[in-house]
Amino acid sequence: MKKTVRDSEVTITELMIPSYANFGGKVHGGILLSLMDKVAFVCASKFSQAYCVTVAVEGVEFLTPVEVGELVSLKASVNYVGRTTMIVGIRVEALLPQSGVVKHTNSCYFTMAAKDDQGNLQEVPELILQNELQLRRFCEGKAIRRLSLQKREYLKGNLKDVNLQDQLAMTINERVVVSLS
Ligand SMILES: CC(C)(COP(=O)(O)OP(=O)(O)OC[C@H]1O[C@@H](n2cnc3c(N)ncnc32)[C@H](O)[C@@H]1OP(=O)(O)O)[C@@H](O)C(=O)NCCC(=O)NCCS
């Protein structure tokens, strides 16, 4: 089966209400993360016509705060497909309805896996790329996938193989006091 990027596109919009605020009066990062996860789920499920789960998240950075009273839109599409997983690109924008000003708050990438009724990984459709933007996003997705897998290997315990001397060398010029007992 083959599907277009457009087949995957989905947008969700939510008003930022006061109960979403943190102690500083801005919207909690966790609220936005939850919305991102939801839109990624819908996008991946719509594309694959399967139940999807989140595997990995790349590129989440909160560089511009989102305010209470803003209308947040999350636009998602499948940018890249592997065999059983998809990378969903999400663009987050916040609109202040009174002014009409829209700010781009974040773009991030959710890797989603498709599962069958038994919970096993399931093959996803091939992706039809119809313009240069979709082609560029696919290539970016391929690079993100490579980085994601490298990070996984690294976090699995790369530093276990680094000896004590090298670990101590890594603390030079860092803001730590090493006081091993
Ligand atoms: C993600 C998961 C499917 C990987 O299982 P695995 O046995 O390690 O599988 P594999 O190494 O064979 O990889 C399977 C696919 O996952 C991808 N993958 C695995 N780890 C990844 C990572 N860290 N980042 C991105 N993709 C990853 C592989 O590239 C592969 O993709 P492809 O089929 O599209 O080529 C498995 O760990 C899982 O089911 N996790 C739970 C996910 C979940 O339930 N999430 C809900 C939130 S709790």
# chains A, B, ... in the order shown; residues from 1 in each chain; ligands from 1
call {"tool": "residues_near_ligand", "arguments": {"ligand": "ligand 1", "cutoff": "9 Å", "atoms": "only C-alpha atoms and all ligand atoms", "output": "ChimeraX atom specification"}}
result
/A:52-58,81-87,110-115,119-124,144-153
call {"tool": "write_last_selection", "arguments": {"atoms": "N, CA and C atoms", "output": "mmCIF file, in the first residue's frame"}}
result
data_model
loop_
_atom_site.group_PDB
_atom_site.id
_atom_site.type_symbol
_atom_site.label_atom_id
_atom_site.label_comp_id
_atom_site.auth_asym_id
_atom_site.auth_seq_id
_atom_site.Cartn_x
_atom_site.Cartn_y
_atom_site.Cartn_z
ATOM 1 N N CYS A 52 -0.989 2.977 16.969
ATOM 2 C CA CYS A 52 0.416 3.426 16.979
ATOM 3 C C CYS A 52 0.883 3.806 18.376
ATOM 4 N N VAL A 53 2.158 3.577 18.631
ATOM 5 C CA VAL A 53 2.746 3.953 19.926
ATOM 6 C C VAL A 53 3.972 4.840 19.680
ATOM 7 N N THR A 54 4.259 5.660 20.675
ATOM 8 C CA THR A 54 5.415 6.567 20.571
ATOM 9 C C THR A 54 6.693 5.808 20.897
ATOM 10 N N VAL A 55 7.677 5.950 20.024
ATOM 11 C CA VAL A 55 8.968 5.275 20.230
ATOM 12 C C VAL A 55 10.028 6.259 20.721
ATOM 13 N N ALA A 56 10.119 7.395 20.064
ATOM 14 C CA ALA A 56 11.180 8.348 20.401
ATOM 15 C C ALA A 56 10.736 9.758 20.017
ATOM 16 N N VAL A 57 11.301 10.725 20.704
ATOM 17 C CA VAL A 57 10.960 12.131 20.464
ATOM 18 C C VAL A 57 12.264 12.893 20.244
ATOM 19 N N GLU A 58 12.310 13.655 19.173
ATOM 20 C CA GLU A 58 13.511 14.450 18.884
ATOM 21 C C GLU A 58 13.115 15.907 18.677
ATOM 22 N N VAL A 81 9.064 7.341 6.386
ATOM 23 C CA VAL A 81 8.639 6.000 6.813
ATOM 24 C C VAL A 81 9.808 5.034 6.757
ATOM 25 N N GLY A 82 9.887 4.183 7.774
ATOM 26 C CA GLY A 82 10.806 3.048 7.743
ATOM 27 C C GLY A 82 9.983 1.837 7.368
ATOM 28 N N ARG A 83 10.285 0.688 7.993
ATOM 29 C CA ARG A 83 9.459 -0.495 7.696
ATOM 30 C C ARG A 83 8.215 -0.534 8.587
ATOM 31 N N THR A 84 8.440 -0.314 9.893
ATOM 32 C CA THR A 84 7.306 -0.406 10.824
ATOM 33 C C THR A 84 7.087 0.904 11.587
ATOM 34 N N THR A 85 7.930 1.879 11.327
ATOM 35 C CA THR A 85 7.809 3.149 12.050
ATOM 36 C C THR A 85 7.725 4.323 11.083
ATOM 37 N N MET A 86 7.229 5.430 11.626
ATOM 38 C CA MET A 86 7.080 6.668 10.842
ATOM 39 C C MET A 86 7.644 7.801 11.677
ATOM 40 N N ILE A 87 8.225 8.799 11.018
ATOM 41 C CA ILE A 87 8.579 10.015 11.745
ATOM 42 C C ILE A 87 7.524 11.074 11.408
ATOM 43 N N PHE A 110 8.316 13.094 16.143
ATOM 44 C CA PHE A 110 7.944 11.933 16.949
ATOM 45 C C PHE A 110 8.073 10.678 16.087
ATOM 46 N N THR A 111 8.836 9.707 16.563
ATOM 47 C CA THR A 111 8.873 8.409 15.888
ATOM 48 C C THR A 111 7.757 7.552 16.464
ATOM 49 N N MET A 112 6.891 7.079 15.582
ATOM 50 C CA MET A 112 5.732 6.292 15.995
ATOM 51 C C MET A 112 5.799 4.916 15.329
ATOM 52 N N ALA A 113 5.493 3.879 16.111
ATOM 53 C CA ALA A 113 5.498 2.512 15.564
ATOM 54 C C ALA A 113 4.063 2.030 15.407
ATOM 55 N N ALA A 114 3.823 1.289 14.325
ATOM 56 C CA ALA A 114 2.488 0.721 14.085
ATOM 57 C C ALA A 114 2.453 -0.701 14.634
ATOM 58 N N LYS A 115 1.361 -0.993 15.328
ATOM 59 C CA LYS A 115 1.235 -2.342 15.916
ATOM 60 C C LYS A 115 -0.048 -3.005 15.423
ATOM 61 N N GLY A 119 -0.231 -6.794 19.080
ATOM 62 C CA GLY A 119 0.822 -5.978 19.689
ATOM 63 C C GLY A 119 2.164 -6.123 18.996
ATOM 64 N N ASN A 120 2.184 -6.816 17.853
ATOM 65 C CA ASN A 120 3.444 -6.948 17.100
ATOM 66 C C ASN A 120 3.600 -5.769 16.136
ATOM 67 N N LEU A 121 4.867 -5.447 15.847
ATOM 68 C CA LEU A 121 5.126 -4.367 14.892
ATOM 69 C C LEU A 121 4.518 -4.730 13.541
ATOM 70 N N GLN A 122 3.972 -3.735 12.875
ATOM 71 C CA GLN A 122 3.279 -3.957 11.612
ATOM 72 C C GLN A 122 3.871 -3.044 10.539
ATOM 73 N N GLU A 123 3.969 -3.556 9.320
ATOM 74 C CA GLU A 123 4.518 -2.738 8.229
ATOM 75 C C GLU A 123 3.610 -1.542 7.937
ATOM 76 N N VAL A 124 4.252 -0.397 7.656
ATOM 77 C CA VAL A 124 3.453 0.800 7.349
ATOM 78 C C VAL A 124 3.460 1.036 5.831
ATOM 79 N N ILE A 144 17.377 12.214 10.924
ATOM 80 C CA ILE A 144 16.902 12.150 12.318
ATOM 81 C C ILE A 144 16.871 10.698 12.791
ATOM 82 N N ARG A 145 16.413 9.798 11.915
ATOM 83 C CA ARG A 145 16.376 8.376 12.264
ATOM 84 C C ARG A 145 17.789 7.863 12.612
ATOM 85 N N ARG A 146 18.778 8.258 11.780
ATOM 86 C CA ARG A 146 20.154 7.808 12.019
ATOM 87 C C ARG A 146 20.641 8.320 13.378
ATOM 88 N N LEU A 147 20.379 9.600 13.649
ATOM 89 C CA LEU A 147 20.811 10.193 14.923
ATOM 90 C C LEU A 147 20.113 9.533 16.109
ATOM 91 N N SER A 148 18.829 9.244 15.924
ATOM 92 C CA SER A 148 18.023 8.645 16.985
ATOM 93 C C SER A 148 18.588 7.265 17.356
ATOM 94 N N LEU A 149 18.943 6.489 16.329
ATOM 95 C CA LEU A 149 19.477 5.154 16.595
ATOM 96 C C LEU A 149 20.876 5.232 17.214
ATOM 97 N N GLN A 150 21.663 6.237 16.768
ATOM 98 C CA GLN A 150 23.004 6.424 17.358
ATOM 99 C C GLN A 150 22.873 6.795 18.824
ATOM 100 N N LYS A 151 21.916 7.675 19.118
ATOM 101 C CA LYS A 151 21.703 8.109 20.499
ATOM 102 C C LYS A 151 21.298 6.910 21.359
ATOM 103 N N ARG A 152 20.426 6.062 20.780
ATOM 104 C CA ARG A 152 19.980 4.873 21.515
ATOM 105 C C ARG A 152 21.178 4.004 21.905
ATOM 106 N N GLU A 153 22.064 3.761 20.912
ATOM 107 C CA GLU A 153 23.251 2.942 21.179
ATOM 108 C C GLU A 153 24.110 3.580 22.261
#
call {"tool": "select_by_dssp", "arguments": {"residues": "chain A", "states": "alpha helix (DSSP H)", "output": "ChimeraX atom specification"}}
result
/A:29-48,132-155,164-169
call {"tool": "write_last_selection", "arguments": {"atoms": "N, CA and C atoms", "output": "compact mmCIF listing (two decimals), in the first residue's frame"}}
result
# COMPACT_ATOMS: atom_id res chain seq x y z
N GLY A 29 5.22 23.01 30.06
CA GLY A 29 5.79 22.25 28.94
C GLY A 29 5.08 20.91 28.78
N GLY A 30 4.67 20.32 29.89
CA GLY A 30 4.02 19.00 29.84
C GLY A 30 2.68 19.03 29.11
N ILE A 31 1.98 20.15 29.20
CA ILE A 31 0.70 20.28 28.47
C ILE A 31 0.98 20.22 26.97
N LEU A 32 2.03 20.94 26.55
CA LEU A 32 2.36 20.98 25.13
C LEU A 32 2.87 19.61 24.66
N LEU A 33 3.65 18.97 25.51
CA LEU A 33 4.15 17.63 25.16
C LEU A 33 3.00 16.65 24.96
N SER A 34 2.02 16.75 25.84
CA SER A 34 0.86 15.86 25.75
C SER A 34 0.09 16.11 24.45
N LEU A 35 -0.06 17.38 24.08
CA LEU A 35 -0.74 17.70 22.82
C LEU A 35 0.05 17.18 21.62
N MET A 36 1.38 17.31 21.70
CA MET A 36 2.23 16.80 20.61
C MET A 36 2.06 15.29 20.46
N ASP A 37 2.03 14.60 21.59
CA ASP A 37 1.89 13.14 21.57
C ASP A 37 0.54 12.75 20.96
N LYS A 38 -0.49 13.52 21.30
CA LYS A 38 -1.83 13.22 20.77
C LYS A 38 -1.87 13.40 19.26
N VAL A 39 -1.33 14.53 18.79
CA VAL A 39 -1.42 14.78 17.34
C VAL A 39 -0.55 13.78 16.58
N ALA A 40 0.58 13.39 17.18
CA ALA A 40 1.44 12.39 16.53
C ALA A 40 0.71 11.05 16.44
N PHE A 41 -0.01 10.72 17.49
CA PHE A 41 -0.77 9.46 17.51
C PHE A 41 -1.83 9.46 16.40
N VAL A 42 -2.57 10.56 16.31
CA VAL A 42 -3.65 10.61 15.31
C VAL A 42 -3.06 10.56 13.89
N CYS A 43 -2.01 11.33 13.69
CA CYS A 43 -1.37 11.41 12.37
C CYS A 43 -0.86 10.03 11.93
N ALA A 44 -0.12 9.37 12.83
CA ALA A 44 0.48 8.07 12.49
C ALA A 44 -0.62 7.01 12.31
N SER A 45 -1.65 7.05 13.16
CA SER A 45 -2.72 6.05 13.07
C SER A 45 -3.52 6.23 11.78
N LYS A 46 -3.73 7.50 11.42
CA LYS A 46 -4.48 7.81 10.20
C LYS A 46 -3.71 7.31 8.97
N PHE A 47 -2.40 7.54 8.99
CA PHE A 47 -1.57 7.15 7.85
C PHE A 47 -1.48 5.62 7.73
N SER A 48 -1.22 4.98 8.88
CA SER A 48 -0.94 3.54 8.85
C SER A 48 -2.20 2.69 8.99
N GLU A 132 9.00 19.18 -3.62
CA GLU A 132 10.37 19.29 -3.11
C GLU A 132 10.41 19.41 -1.59
N LEU A 133 9.39 20.06 -1.01
CA LEU A 133 9.33 20.20 0.45
C LEU A 133 9.20 18.82 1.10
N GLN A 134 8.33 18.00 0.53
CA GLN A 134 8.14 16.66 1.10
C GLN A 134 9.41 15.83 0.95
N LEU A 135 10.10 16.02 -0.18
CA LEU A 135 11.37 15.30 -0.40
C LEU A 135 12.41 15.74 0.64
N ARG A 136 12.49 17.07 0.86
CA ARG A 136 13.46 17.59 1.84
C ARG A 136 13.13 17.05 3.24
N ARG A 137 11.86 17.07 3.59
CA ARG A 137 11.48 16.58 4.92
C ARG A 137 11.78 15.09 5.08
N PHE A 138 11.60 14.33 3.98
CA PHE A 138 11.93 12.90 4.04
C PHE A 138 13.43 12.72 4.32
N CYS A 139 14.25 13.51 3.63
CA CYS A 139 15.71 13.41 3.83
C CYS A 139 16.09 13.82 5.25
N GLU A 140 15.45 14.86 5.76
CA GLU A 140 15.70 15.27 7.15
C GLU A 140 15.30 14.13 8.10
N GLY A 141 14.16 13.50 7.79
CA GLY A 141 13.68 12.39 8.61
C GLY A 141 14.68 11.25 8.63
N LYS A 142 15.30 11.01 7.46
CA LYS A 142 16.28 9.92 7.38
C LYS A 142 17.48 10.23 8.28
N ALA A 143 17.88 11.51 8.28
CA ALA A 143 19.01 11.91 9.14
C ALA A 143 18.61 11.82 10.62
N ILE A 144 17.38 12.21 10.92
CA ILE A 144 16.90 12.15 12.32
C ILE A 144 16.87 10.70 12.79
N ARG A 145 16.41 9.80 11.92
CA ARG A 145 16.38 8.38 12.26
C ARG A 145 17.79 7.86 12.61
N ARG A 146 18.78 8.26 11.78
CA ARG A 146 20.15 7.81 12.02
C ARG A 146 20.64 8.32 13.38
N LEU A 147 20.38 9.60 13.65
CA LEU A 147 20.81 10.19 14.92
C LEU A 147 20.11 9.53 16.11
N SER A 148 18.83 9.24 15.92
CA SER A 148 18.02 8.64 16.98
C SER A 148 18.59 7.27 17.36
N LEU A 149 18.94 6.49 16.33
CA LEU A 149 19.48 5.15 16.59
C LEU A 149 20.88 5.23 17.21
N GLN A 150 21.66 6.24 16.77
CA GLN A 150 23.00 6.42 17.36
C GLN A 150 22.87 6.80 18.82
N LYS A 151 21.92 7.67 19.12
CA LYS A 151 21.70 8.11 20.50
C LYS A 151 21.30 6.91 21.36
N ARG A 152 20.43 6.06 20.78
CA ARG A 152 19.98 4.87 21.51
C ARG A 152 21.18 4.00 21.91
N GLU A 153 22.06 3.76 20.91
CA GLU A 153 23.25 2.94 21.18
C GLU A 153 24.11 3.58 22.26
N TYR A 154 24.27 4.90 22.17
CA TYR A 154 25.11 5.63 23.11
C TYR A 154 24.55 5.55 24.52
N LEU A 155 23.24 5.76 24.63
CA LEU A 155 22.61 5.76 25.96
C LEU A 155 22.57 4.37 26.56
N LEU A 164 38.19 5.16 34.19
CA LEU A 164 38.07 6.21 35.20
C LEU A 164 38.88 7.45 34.83
N GLN A 165 40.10 7.19 34.33
CA GLN A 165 40.98 8.32 33.96
C GLN A 165 40.32 9.21 32.89
N ASP A 166 39.75 8.57 31.90
CA ASP A 166 39.10 9.33 30.83
C ASP A 166 37.84 10.05 31.35
N GLN A 167 37.14 9.38 32.28
CA GLN A 167 35.96 10.05 32.86
C GLN A 167 36.40 11.29 33.64
N LEU A 168 37.52 11.16 34.38
CA LEU A 168 38.02 12.32 35.14
C LEU A 168 38.43 13.44 34.18
N ALA A 169 39.05 13.04 33.06
CA ALA A 169 39.47 14.05 32.08
C ALA A 169 38.26 14.82 31.53
call {"tool": "residues_around", "arguments": {"residues": "Pro65 in chain A", "least_positions_apart": "2", "cutoff": "10 Å", "atoms": "only C-alpha atoms", "output": "list in words"}}
result
Gly25, Lys26, Val27, His28, Gly29, Phe62, Leu63, Glu67, Val68, Ala94, Thr105 and Asn106 of chain A
call {"tool": "select_by_dssp", "arguments": {"residues": "range 43-133 of chain A", "states": "strand (DSSP E or B)", "output": "ChimeraX atom specification"}}
result
/A:51-58,67,71-81,85-96,101-115,121,126-128
call {"tool": "write_last_selection", "arguments": {"atoms": "C-alpha atoms", "output": "short mmCIF file (atom, residue, chain, number, x, y, z; two decimals), in the first residue's frame"}}
result
data_model
loop_
_atom_site.label_atom_id
_atom_site.label_comp_id
_atom_site.auth_asym_id
_atom_site.auth_seq_id
_atom_site.Cartn_x
_atom_site.Cartn_y
_atom_site.Cartn_z
CA TYR A 51 -2.76 1.39 16.46
CA CYS A 52 0.42 3.43 16.98
CA VAL A 53 2.75 3.95 19.93
CA THR A 54 5.41 6.57 20.57
CA VAL A 55 8.97 5.27 20.23
CA ALA A 56 11.18 8.35 20.40
CA VAL A 57 10.96 12.13 20.46
CA GLU A 58 13.51 14.45 18.88
CA GLU A 67 0.85 32.18 27.26
CA LEU A 71 -4.76 29.28 20.76
CA VAL A 72 -2.19 26.58 20.08
CA SER A 73 -2.27 24.71 16.77
CA LEU A 74 -0.24 21.57 16.16
CA LYS A 75 0.14 20.63 12.49
CA ALA A 76 1.41 17.12 11.89
CA SER A 77 2.34 15.03 8.89
CA VAL A 78 4.31 11.88 8.22
CA ASN A 79 7.71 13.00 6.95
CA TYR A 80 9.53 9.67 6.78
CA VAL A 81 8.64 6.00 6.81
CA THR A 85 7.81 3.15 12.05
CA MET A 86 7.08 6.67 10.84
CA ILE A 87 8.58 10.01 11.74
CA VAL A 88 5.82 12.53 12.32
CA GLY A 89 6.89 16.17 11.97
CA ILE A 90 4.94 18.58 14.16
CA ARG A 91 4.85 22.36 13.82
CA VAL A 92 3.50 24.17 16.87
CA GLU A 93 2.08 27.67 16.51
CA ALA A 94 0.42 29.94 19.05
CA LEU A 95 -2.13 32.57 18.05
CA LEU A 96 -3.22 35.42 20.28
CA VAL A 101 -0.35 37.51 15.85
CA VAL A 102 0.92 33.98 15.25
CA LYS A 103 4.23 32.78 16.67
CA HIS A 104 6.04 29.60 15.72
CA THR A 105 6.93 28.08 19.06
CA ASN A 106 8.49 24.77 18.15
CA SER A 107 9.02 22.05 15.55
CA CYS A 108 9.68 18.49 16.65
CA TYR A 109 9.73 14.92 15.44
CA PHE A 110 7.94 11.93 16.95
CA THR A 111 8.87 8.41 15.89
CA MET A 112 5.73 6.29 15.99
CA ALA A 113 5.50 2.51 15.56
CA ALA A 114 2.49 0.72 14.08
CA LYS A 115 1.23 -2.34 15.92
CA LEU A 121 5.13 -4.37 14.89
CA GLU A 126 5.11 3.45 1.50
CA LEU A 127 5.18 7.23 1.30
CA ILE A 128 4.47 9.07 -1.97
#
call {"tool": "atom_distance", "arguments": {"atom1": "CA of Asn131 in chain A", "atom2": "CA of Glu61 in chain A"}}
result
27.7 Å
